[in-house]
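J.: Before I ask anything, let me first share the structure, which is written out below as C-alpha cells.
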Amino acid sequence: MNVLFKNIKSLIQVREAGVKYLSGEEMSVLPTIEDAYLVVEDGKIDSFGKMESCPEDYKGDVVDATGKMILPAWCDSHTHLVYAGHREGEFIDRINGLSYEEIAQRGGGIVNSALRLADTSEEDLYQQSKVRLEQVIKMGTGSIEIKSGYGLTLEGELKMLRVIKRLEEEFLIPIKATFLGAHALPVNYKNDKAGYVKMLIEVMVPAVAKQGVAEYIDVFCEEGYFSTDDTAAILEAGLQYGLGPKIHVNQFNAIGGVKVGVDYNARSVDHLEEMRQEDIQVLKGGQTMPVALPGCSHFLSIPYTPARQMIDAGLPLALASDYNPGSAPSGNMNFIVSTACVKMKMTPEEAINAATINGAYAMGLEEEVGSVTIGKRANLILTSKIPSYGFLPYSFGENHIDKVFINGIEQ
C-alpha cells in the first residue's frame, strides 16, 4: 500500500534504525516532528519530515492529517487472546471476597479455561479469537504475542497454537506464538507436578517444535505453580528445540525467577508486581526486557509493577495488556498506557516508549515495528484531533483513535 500522510500535527516516536530498546533516562525522551509528512511505499515507511519538504504531486493515496497525530501502533507483547468462553463468574467471586489463589484451588482459574477449551472445537476457538484480534487492532494494536496455556494437554496446547498460527497467516499484523504448557497443573496431574513437568519436557516440547507452531516457551514461575528449578528445566528443554525463553514471574511472590530468566537470556520476564532490590540488580546484567501488566493489577487489585523504581535504576520497561479471561479481560492498550501513567507514575513519554519500541523488543520485533523508522512496517495510529500526546493517557475514557493502518492499509 502506498500513501502520503500530510499536515501531521505531531509525528511521534521518530527513531533512527538500530535503536533496539530504551532504558532508564532514555525512556523519558520521545522524538517528535511537528507539522510533518510521512510516506508509505509497499507497506513500509519510506520517508518523513517537515511539511516544507513534503513531496508535491504524490501519485498514491493522500491522507490529510490536519490537527491529528501519528504514532506507531501499540506493540502488545503479552496476551492470552486465544481462549474459549469467559470467566465472569470468577470476577463476581472476587468481589465477594475470594482471592485468585482460592478460586484456583476450587477448580477455577486456568484449569477452568482448560476444561472449556477441551470442549471447544478448533474452528469455534478460531472464530472467537478472530473477533478479539479484530477488536484490539481497532484499538490500535499493531503487533501482538499470543500464548497457549489453556490446553494443558498435548492435544489442547497444539489446538491453541494452530489457531494462533492461522491468525498469523490470515491477518496482516505480526503475531508471535508462545508455548505456555507450564501455565498450571492439569486436573489429572494435580498431585504429580514432577510427572507433568517430565511429560511436558519429553513429549510436549518436542511435538510443539516439530510442528513449528511456536517461537517462544514460557513458564508460570510462582508458588503453587512451577518452581525455579522446574522453570530452569523447562526453559532448557525449550532451548534444545529452538524455543526462546520467556517467564511469568514475580506476580504474587518473588522466588528467584527473575534470575532464572536472566541466566537463560530470556527475551522477557513478565508481571513483576513483586520486585526485590536483588531482582532489579540482576536485570541490569542482561538483555532481558522487564514487562509490566497493569491491566492485571487493576483487575485483581494487586500491587502494580514498581515502574518508577525500575526506570530510575536504569532499567528498560515494556507495557503489555495480559489480555486473558481470568485476570485481565481487556486488550485495550490505550487503557494500559493511561493506567501506567496514573498508577505506576510513568510519564506519557515513558509509557508510549514502553508500549511501542520496548514492547516490540519484548517480542523480537524491534527491526519491524515499534517506531517511525525508514524501512519498518507502516503499522500506525492516526489520532483524532487532540491537543498533545499527553492527552492520550489523560483522557482515558474516550477513544482518541481516528484510524489504524497496518502495512499502510486502513483497518
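Identifiers for the C-alpha cells are assigned positionally: chains receive A, B, ... in sequence, residues are indexed from 1 per chain, and ligands are indexed from 1 in the order shown.
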Excluding same-chain residues fewer than 3 positions from Lys50 (chain A), what lies within 8 Å of it counting only C-alpha atoms, as a list in words?
T.: Ile33, Glu34, Asp35, Ala36, Tyr37, Ser53 and Cys54 of chain A
J.: I'd like a table as CSV: residues in region 264-290 of chain A with an atom no more than 12 Å from region 338-356 of chain A, each row giving the shortest atom pair and its distance in Å to one decimal, only C-alpha atoms counted, sorted by chain and rising residue number.
T.:
residue,atom,partner,partner_atom,distance
A:Glu273,CA,A:Met344,CA,10.8
A:Met289,CA,A:Ala354,CA,10.3
A:Pro290,CA,A:Ala354,CA,10.0
J.: Could you work out how far CA of Leu380 (chain A) lies from CA of Lys59 (chain A), giving the answer in Å with one decimal?
T.: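 Computing it gives 20.7 Å between the two atoms.
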J.: Using only C-alpha atoms, which of A:Val213, A:Gly107, A:Glu134, A:Arg166 sits nearest Ser148 (chain A)?
T.: A:Val213
J.: Find the residues near region 97-102 of chain A: any atom within 10 Å, counting only C-alpha atoms, skip ones fewer than 3 places away on the same chain, and give them as a list in words.
T.: Glu90, Phe91, Ile92, Asp93, Arg94, Gln105, Arg106, Gly107, Gly108, Gly109, Gly224, Phe252, Leu300, Ser301, Gly326 and Ser327 of chain A
J.: Please, could you write that set of residues out with N, CA and C atoms as a tab-separated table (two decimals), in the first residue's frame?
T.:
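What follows is the written file result.tsv:
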chain	number	residue	atom	x	y	z
A	90	GLU	N	-16.05	-15.85	38.06
A	90	GLU	CA	-14.93	-15.69	38.98
A	90	GLU	C	-14.73	-14.22	39.35
A	91	PHE	N	-15.04	-13.34	38.43
A	91	PHE	CA	-15.00	-11.90	38.72
A	91	PHE	C	-15.94	-11.58	39.88
A	92	ILE	N	-17.12	-12.17	39.84
A	92	ILE	CA	-18.09	-11.94	40.92
A	92	ILE	C	-17.60	-12.60	42.21
A	93	ASP	N	-16.98	-13.78	42.09
A	93	ASP	CA	-16.41	-14.44	43.29
A	93	ASP	C	-15.38	-13.55	43.97
A	94	ARG	N	-14.56	-12.86	43.17
A	94	ARG	CA	-13.55	-11.99	43.78
A	94	ARG	C	-14.21	-10.79	44.47
A	105	GLN	N	-7.90	-22.91	43.63
A	105	GLN	CA	-7.99	-24.12	44.44
A	105	GLN	C	-9.36	-24.77	44.35
A	106	ARG	N	-10.38	-23.99	44.02
A	106	ARG	CA	-11.74	-24.51	43.87
A	106	ARG	C	-12.03	-25.01	42.46
A	107	GLY	N	-11.00	-25.08	41.62
A	107	GLY	CA	-11.20	-25.56	40.27
A	107	GLY	C	-11.44	-24.47	39.25
A	108	GLY	N	-11.28	-23.21	39.68
A	108	GLY	CA	-11.43	-22.10	38.75
A	108	GLY	C	-10.11	-21.74	38.13
A	109	GLY	N	-10.03	-20.49	37.65
A	109	GLY	CA	-8.77	-20.01	37.10
A	109	GLY	C	-8.38	-20.70	35.81
A	224	GLY	N	3.09	-22.48	44.23
A	224	GLY	CA	1.88	-23.21	43.92
A	224	GLY	C	1.76	-23.59	42.46
A	252	PHE	N	2.84	-12.80	42.32
A	252	PHE	CA	2.36	-12.78	43.70
A	252	PHE	C	3.50	-12.89	44.72
A	300	LEU	N	-7.25	-7.43	39.36
A	300	LEU	CA	-7.13	-8.28	40.54
A	300	LEU	C	-6.92	-7.48	41.84
A	301	SER	N	-6.75	-6.17	41.71
A	301	SER	CA	-6.45	-5.33	42.88
A	301	SER	C	-5.21	-5.81	43.63
A	326	GLY	N	-9.33	-14.43	32.76
A	326	GLY	CA	-9.42	-14.51	34.21
A	326	GLY	C	-8.92	-13.32	34.97
A	327	SER	N	-7.77	-12.75	34.56
A	327	SER	CA	-7.15	-11.70	35.36
A	327	SER	C	-6.94	-10.39	34.62
J.: Fewer than 2 positions away in the same chain doesn't count, so skip those; otherwise give me all residues within 6 Å of Ile247 (chain A), counting only C-alpha atoms, as a CSV table (one decimal) with C-alpha atoms, in the first residue's frame.
T.:
chain,number,residue,atom,x,y,z
A,218,ASP,CA,7.0,-19.6,28.8
A,219,VAL,CA,6.6,-20.8,32.4
A,249,VAL,CA,7.4,-14.2,37.2
A,269,VAL,CA,10.2,-11.5,32.2
